[in-house]
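J.: Have a look at this one before I ask anything.
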Amino acid sequence: MQADDVFKALGDPTRRRLLDLLCEQNGQTLGQLCEHLDMTRQSATQHLGILEAANLVSTVRRGREKLHFINPVPLHEVYERWVRKFERQRLSLLHDLKKELEGE
């Protein structure tokens, strides 16, 4: 299941940091990403591989460079499936509380 891969990928703080870095500046090389991480290039490559397997990161070759781009679609799908339904209920409860407090 795609959501399982996304949750597994997001379960690691290094992978979340990589996504944050790509969100700040999309299209970075491995070297650029490693400048912000305290790990070897090989370790960073393994983390990026897990993000790619979850479809959270895609790559494009530009000459000898491999650029990494964030793909927000799987995150949006997880949000729609797992977060939004709880958010609606909470907002409805807050709306009801507001109406009660305002005496409507």
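Labeling convention for the structure tokens: chains A, B, ... as they appear, residues from 1 per chain, ligands from 1 in order of appearance.
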Neighbouring residues of region 59-70 of chain A were defined as those with any atom within 7 Å, considering only C-alpha atoms; residues of the same chain fewer than 5 positions away were excluded. Please report them as a compact mmCIF listing (two decimals) with N, CA, C and O atoms, in the first residue's frame.

T.:
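Listed below is the output, result-v1.txt:
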# COMPACT_ATOMS: atom_id res chain seq x y z
N LEU A 19 13.07 16.26 3.29
CA LEU A 19 11.87 16.86 2.68
C LEU A 19 11.79 18.35 2.99
O LEU A 19 11.42 19.15 2.12
N LEU A 22 14.19 20.15 0.73
CA LEU A 22 13.68 20.24 -0.64
C LEU A 22 12.50 21.21 -0.73
O LEU A 22 12.31 21.85 -1.76
N CYS A 23 11.75 21.31 0.34
CA CYS A 23 10.65 22.27 0.35
C CYS A 23 11.19 23.70 0.34
O CYS A 23 10.63 24.58 -0.32
N ASN A 26 13.77 23.47 -3.90
CA ASN A 26 13.56 22.27 -4.69
C ASN A 26 14.66 22.12 -5.73
O ASN A 26 15.28 23.11 -6.14
N GLY A 27 14.94 20.89 -6.15
CA GLY A 27 15.90 20.66 -7.21
C GLY A 27 17.35 20.68 -6.77
O GLY A 27 18.21 21.15 -7.49
N GLN A 28 17.63 20.13 -5.59
CA GLN A 28 18.99 20.12 -5.07
C GLN A 28 19.71 18.82 -5.44
O GLN A 28 19.10 17.77 -5.58
N THR A 29 21.02 18.92 -5.54
CA THR A 29 21.85 17.74 -5.76
C THR A 29 22.10 17.05 -4.42
O THR A 29 21.87 17.63 -3.36

J.: List every residue of chain A that DSSP, applied to the backbone, labels as strand (DSSP E), and write the result as a ChimeraX atom specification.

T.: /A:57-62,65-70

J.: Go ahead and write the residues just picked, all heavy atoms, as an mmCIF file, in the first residue's frame.

T.:
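See result31.cif below for the written result:
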data_model
loop_
_atom_site.group_PDB
_atom_site.id
_atom_site.type_symbol
_atom_site.label_atom_id
_atom_site.label_comp_id
_atom_site.auth_asym_id
_atom_site.auth_seq_id
_atom_site.Cartn_x
_atom_site.Cartn_y
_atom_site.Cartn_z
ATOM 1 N N VAL A 57 9.862 11.838 -3.389
ATOM 2 C CA VAL A 57 10.942 12.551 -4.062
ATOM 3 C C VAL A 57 11.092 11.958 -5.462
ATOM 4 O O VAL A 57 11.027 10.741 -5.635
ATOM 5 C CB VAL A 57 12.278 12.422 -3.279
ATOM 6 C CG1 VAL A 57 13.454 12.908 -4.101
ATOM 7 C CG2 VAL A 57 12.197 13.182 -1.973
ATOM 8 N N SER A 58 11.277 12.834 -6.435
ATOM 9 C CA SER A 58 11.581 12.387 -7.789
ATOM 10 C C SER A 58 12.911 13.008 -8.196
ATOM 11 O O SER A 58 13.358 13.995 -7.596
ATOM 12 C CB SER A 58 10.477 12.775 -8.766
ATOM 13 O OG SER A 58 10.331 14.175 -8.807
ATOM 14 N N THR A 59 13.543 12.427 -9.191
ATOM 15 C CA THR A 59 14.849 12.921 -9.619
ATOM 16 C C THR A 59 14.847 13.184 -11.114
ATOM 17 O O THR A 59 14.099 12.560 -11.874
ATOM 18 C CB THR A 59 15.971 11.915 -9.284
ATOM 19 O OG1 THR A 59 15.696 10.679 -9.944
ATOM 20 C CG2 THR A 59 16.098 11.701 -7.798
ATOM 21 N N VAL A 60 15.704 14.118 -11.495
ATOM 22 C CA VAL A 60 15.908 14.460 -12.900
ATOM 23 C C VAL A 60 17.409 14.596 -13.120
ATOM 24 O O VAL A 60 18.083 15.246 -12.313
ATOM 25 C CB VAL A 60 15.192 15.793 -13.262
ATOM 26 C CG1 VAL A 60 15.544 16.232 -14.671
ATOM 27 C CG2 VAL A 60 13.697 15.676 -13.073
ATOM 28 N N ARG A 61 17.900 13.977 -14.148
ATOM 29 C CA ARG A 61 19.326 14.108 -14.474
ATOM 30 C C ARG A 61 19.531 15.360 -15.310
ATOM 31 O O ARG A 61 18.794 15.619 -16.249
ATOM 32 C CB ARG A 61 19.802 12.893 -15.247
ATOM 33 C CG ARG A 61 19.946 11.685 -14.375
ATOM 34 C CD ARG A 61 21.290 11.035 -14.654
ATOM 35 N NE ARG A 61 21.504 9.938 -13.745
ATOM 36 C CZ ARG A 61 22.366 9.986 -12.737
ATOM 37 N NH1 ARG A 61 23.055 11.060 -12.526
ATOM 38 N NH2 ARG A 61 22.530 8.953 -11.959
ATOM 39 N N ARG A 62 20.533 16.121 -14.914
ATOM 40 C CA ARG A 62 20.949 17.304 -15.668
ATOM 41 C C ARG A 62 22.455 17.173 -15.877
ATOM 42 O O ARG A 62 23.238 17.503 -14.981
ATOM 43 C CB ARG A 62 20.606 18.579 -14.913
ATOM 44 C CG ARG A 62 20.909 19.855 -15.733
ATOM 45 C CD ARG A 62 20.568 21.098 -14.989
ATOM 46 N NE ARG A 62 21.532 21.240 -13.876
ATOM 47 C CZ ARG A 62 21.423 22.124 -12.895
ATOM 48 N NH1 ARG A 62 20.386 22.927 -12.849
ATOM 49 N NH2 ARG A 62 22.327 22.196 -11.943
ATOM 50 N N GLU A 65 24.728 15.744 -13.062
ATOM 51 C CA GLU A 65 24.048 15.966 -11.779
ATOM 52 C C GLU A 65 22.692 15.259 -11.749
ATOM 53 O O GLU A 65 22.026 15.113 -12.768
ATOM 54 C CB GLU A 65 23.827 17.463 -11.540
ATOM 55 C CG GLU A 65 25.082 18.252 -11.337
ATOM 56 C CD GLU A 65 24.785 19.706 -11.086
ATOM 57 O OE1 GLU A 65 23.893 20.264 -11.744
ATOM 58 O OE2 GLU A 65 25.445 20.281 -10.210
ATOM 59 N N LYS A 66 22.313 14.877 -10.565
ATOM 60 C CA LYS A 66 20.991 14.303 -10.327
ATOM 61 C C LYS A 66 20.281 15.246 -9.368
ATOM 62 O O LYS A 66 20.701 15.420 -8.219
ATOM 63 C CB LYS A 66 21.140 12.907 -9.720
ATOM 64 C CG LYS A 66 19.858 12.150 -9.550
ATOM 65 C CD LYS A 66 20.163 10.750 -9.003
ATOM 66 C CE LYS A 66 18.937 9.918 -8.842
ATOM 67 N NZ LYS A 66 19.242 8.596 -8.285
ATOM 68 N N LEU A 67 19.224 15.879 -9.845
ATOM 69 C CA LEU A 67 18.481 16.838 -9.036
ATOM 70 C C LEU A 67 17.312 16.151 -8.359
ATOM 71 O O LEU A 67 16.615 15.331 -8.968
ATOM 72 C CB LEU A 67 17.987 17.994 -9.907
ATOM 73 C CG LEU A 67 19.057 18.747 -10.694
ATOM 74 C CD1 LEU A 67 18.425 19.819 -11.562
ATOM 75 C CD2 LEU A 67 20.090 19.346 -9.756
ATOM 76 N N HIS A 68 17.078 16.495 -7.101
ATOM 77 C CA HIS A 68 16.007 15.898 -6.299
ATOM 78 C C HIS A 68 14.887 16.919 -6.106
ATOM 79 O O HIS A 68 15.146 18.063 -5.751
ATOM 80 C CB HIS A 68 16.555 15.448 -4.941
ATOM 81 C CG HIS A 68 17.622 14.419 -5.069
ATOM 82 N ND1 HIS A 68 18.943 14.755 -5.298
ATOM 83 C CD2 HIS A 68 17.571 13.070 -5.010
ATOM 84 C CE1 HIS A 68 19.653 13.647 -5.380
ATOM 85 N NE2 HIS A 68 18.846 12.615 -5.204
ATOM 86 N N PHE A 69 13.658 16.464 -6.346
ATOM 87 C CA PHE A 69 12.485 17.321 -6.234
ATOM 88 C C PHE A 69 11.456 16.670 -5.315
ATOM 89 O O PHE A 69 11.239 15.454 -5.378
ATOM 90 C CB PHE A 69 11.840 17.546 -7.610
ATOM 91 C CG PHE A 69 12.708 18.320 -8.553
ATOM 92 C CD1 PHE A 69 13.621 17.660 -9.370
ATOM 93 C CD2 PHE A 69 12.623 19.698 -8.622
ATOM 94 C CE1 PHE A 69 14.428 18.367 -10.245
ATOM 95 C CE2 PHE A 69 13.429 20.413 -9.491
ATOM 96 C CZ PHE A 69 14.328 19.744 -10.304
ATOM 97 N N ILE A 70 10.819 17.489 -4.502
ATOM 98 C CA ILE A 70 9.765 16.970 -3.623
ATOM 99 C C ILE A 70 8.496 16.751 -4.448
ATOM 100 O O ILE A 70 8.201 17.515 -5.365
ATOM 101 C CB ILE A 70 9.504 17.934 -2.433
ATOM 102 C CG1 ILE A 70 8.623 17.261 -1.389
ATOM 103 C CG2 ILE A 70 8.923 19.243 -2.905
ATOM 104 C CD1 ILE A 70 8.556 18.028 -0.072
#

J.: What does the distance between CA of Arg15 (chain A) and CA of Leu51 (chain A) come to in Å, to one decimal place?

T.: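 That distance, rounded to one decimal, is 7.1 Å.
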
J.: Choose the residue, out of A:Met39, A:Ile50, A:Leu33, A:Ala44, that has the smallest atom-to-atom separation from Ala9 (chain A); count only C-alpha atoms.

T.: A:Ile50

J.: Figure out the distance between CA of Asp20 (chain A) and CA of Tyr79 (chain A), please, to one decimal in Å.

T.: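 Between CA of Tyr79 (chain A) and CA of Asp20 (chain A) the gap is 17.0 Å.
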
J.: Give me the residues near Asp38 (chain A) as an mmCIF file with N, CA and C atoms, in the first residue's frame, where near means some atom within 12 Å (using only C-alpha atoms) and where sequence neighbours in that chain fewer than 4 positions away do not count.

T.:
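Final output, out.cif:
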data_model
loop_
_atom_site.group_PDB
_atom_site.id
_atom_site.type_symbol
_atom_site.label_atom_id
_atom_site.label_comp_id
_atom_site.auth_asym_id
_atom_site.auth_seq_id
_atom_site.Cartn_x
_atom_site.Cartn_y
_atom_site.Cartn_z
ATOM 1 N N THR A 14 15.599 12.112 9.758
ATOM 2 C CA THR A 14 16.499 12.511 8.671
ATOM 3 C C THR A 14 15.727 12.673 7.365
ATOM 4 N N ARG A 17 13.808 15.785 7.457
ATOM 5 C CA ARG A 17 14.719 16.917 7.245
ATOM 6 C C ARG A 17 15.018 17.078 5.756
ATOM 7 N N LEU A 18 15.233 15.963 5.053
ATOM 8 C CA LEU A 18 15.471 16.031 3.613
ATOM 9 C C LEU A 18 14.277 16.656 2.894
ATOM 10 N N LEU A 33 22.326 18.737 -0.585
ATOM 11 C CA LEU A 33 21.546 18.224 0.547
ATOM 12 C C LEU A 33 22.466 17.798 1.687
ATOM 13 N N CYS A 34 23.577 17.170 1.355
ATOM 14 C CA CYS A 34 24.512 16.676 2.380
ATOM 15 C C CYS A 34 25.169 17.810 3.163
ATOM 16 N N GLN A 42 26.636 8.267 1.267
ATOM 17 C CA GLN A 42 26.020 6.954 1.098
ATOM 18 C C GLN A 42 24.770 6.822 1.965
ATOM 19 N N SER A 43 24.828 7.290 3.206
ATOM 20 C CA SER A 43 23.664 7.240 4.090
ATOM 21 C C SER A 43 22.539 8.127 3.565
ATOM 22 N N ALA A 44 22.901 9.316 3.107
ATOM 23 C CA ALA A 44 21.892 10.225 2.557
ATOM 24 C C ALA A 44 21.237 9.609 1.321
#

J.: Could you pull out the alpha helix (DSSP H) residues of region 7-77 of chain A from DSSP and send them as an MDAnalysis selection string?

T.: chainID A and resid 7:10 13:24 30:34 41:53 73:77

J.: For Phe7 (chain A), find every residue with an atom within 10 Å (counting only C-alpha atoms), except residues of its own chain fewer than 6 positions away, and show them as a PyMOL selection string.

T.: chain A and resi 54+75+78

J.: Pull all heavy atoms from the residues just selected and write them as an mmCIF file, in the first residue's frame.

T.:
data_model
loop_
_atom_site.group_PDB
_atom_site.id
_atom_site.type_symbol
_atom_site.label_atom_id
_atom_site.label_comp_id
_atom_site.auth_asym_id
_atom_site.auth_seq_id
_atom_site.Cartn_x
_atom_site.Cartn_y
_atom_site.Cartn_z
ATOM 1 N N ALA A 54 8.735 5.795 -1.857
ATOM 2 C CA ALA A 54 7.425 6.252 -1.379
ATOM 3 C C ALA A 54 6.833 7.311 -2.306
ATOM 4 O O ALA A 54 5.766 7.849 -2.031
ATOM 5 C CB ALA A 54 7.547 6.806 0.038
ATOM 6 N N LEU A 75 1.754 13.157 0.062
ATOM 7 C CA LEU A 75 1.443 13.816 1.335
ATOM 8 C C LEU A 75 0.000 14.312 1.340
ATOM 9 O O LEU A 75 -0.712 14.188 2.336
ATOM 10 C CB LEU A 75 2.398 14.980 1.586
ATOM 11 C CG LEU A 75 3.830 14.594 1.880
ATOM 12 C CD1 LEU A 75 4.711 15.841 1.919
ATOM 13 C CD2 LEU A 75 3.933 13.832 3.170
ATOM 14 N N VAL A 78 -2.337 11.354 1.866
ATOM 15 C CA VAL A 78 -2.376 10.956 3.275
ATOM 16 C C VAL A 78 -3.209 11.949 4.070
ATOM 17 O O VAL A 78 -4.025 11.569 4.909
ATOM 18 C CB VAL A 78 -0.941 10.840 3.850
ATOM 19 C CG1 VAL A 78 -0.955 10.773 5.363
ATOM 20 C CG2 VAL A 78 -0.247 9.622 3.268
#

J.: Taking only C-alpha atoms into account, which of A:Leu97, A:Leu56, A:Val83, A:Leu91 comes nearest Asp5 (chain A)?

T.: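 When distances to Asp5 (chain A) are compared using only C-alpha atoms, the smallest one comes from A:Leu56.
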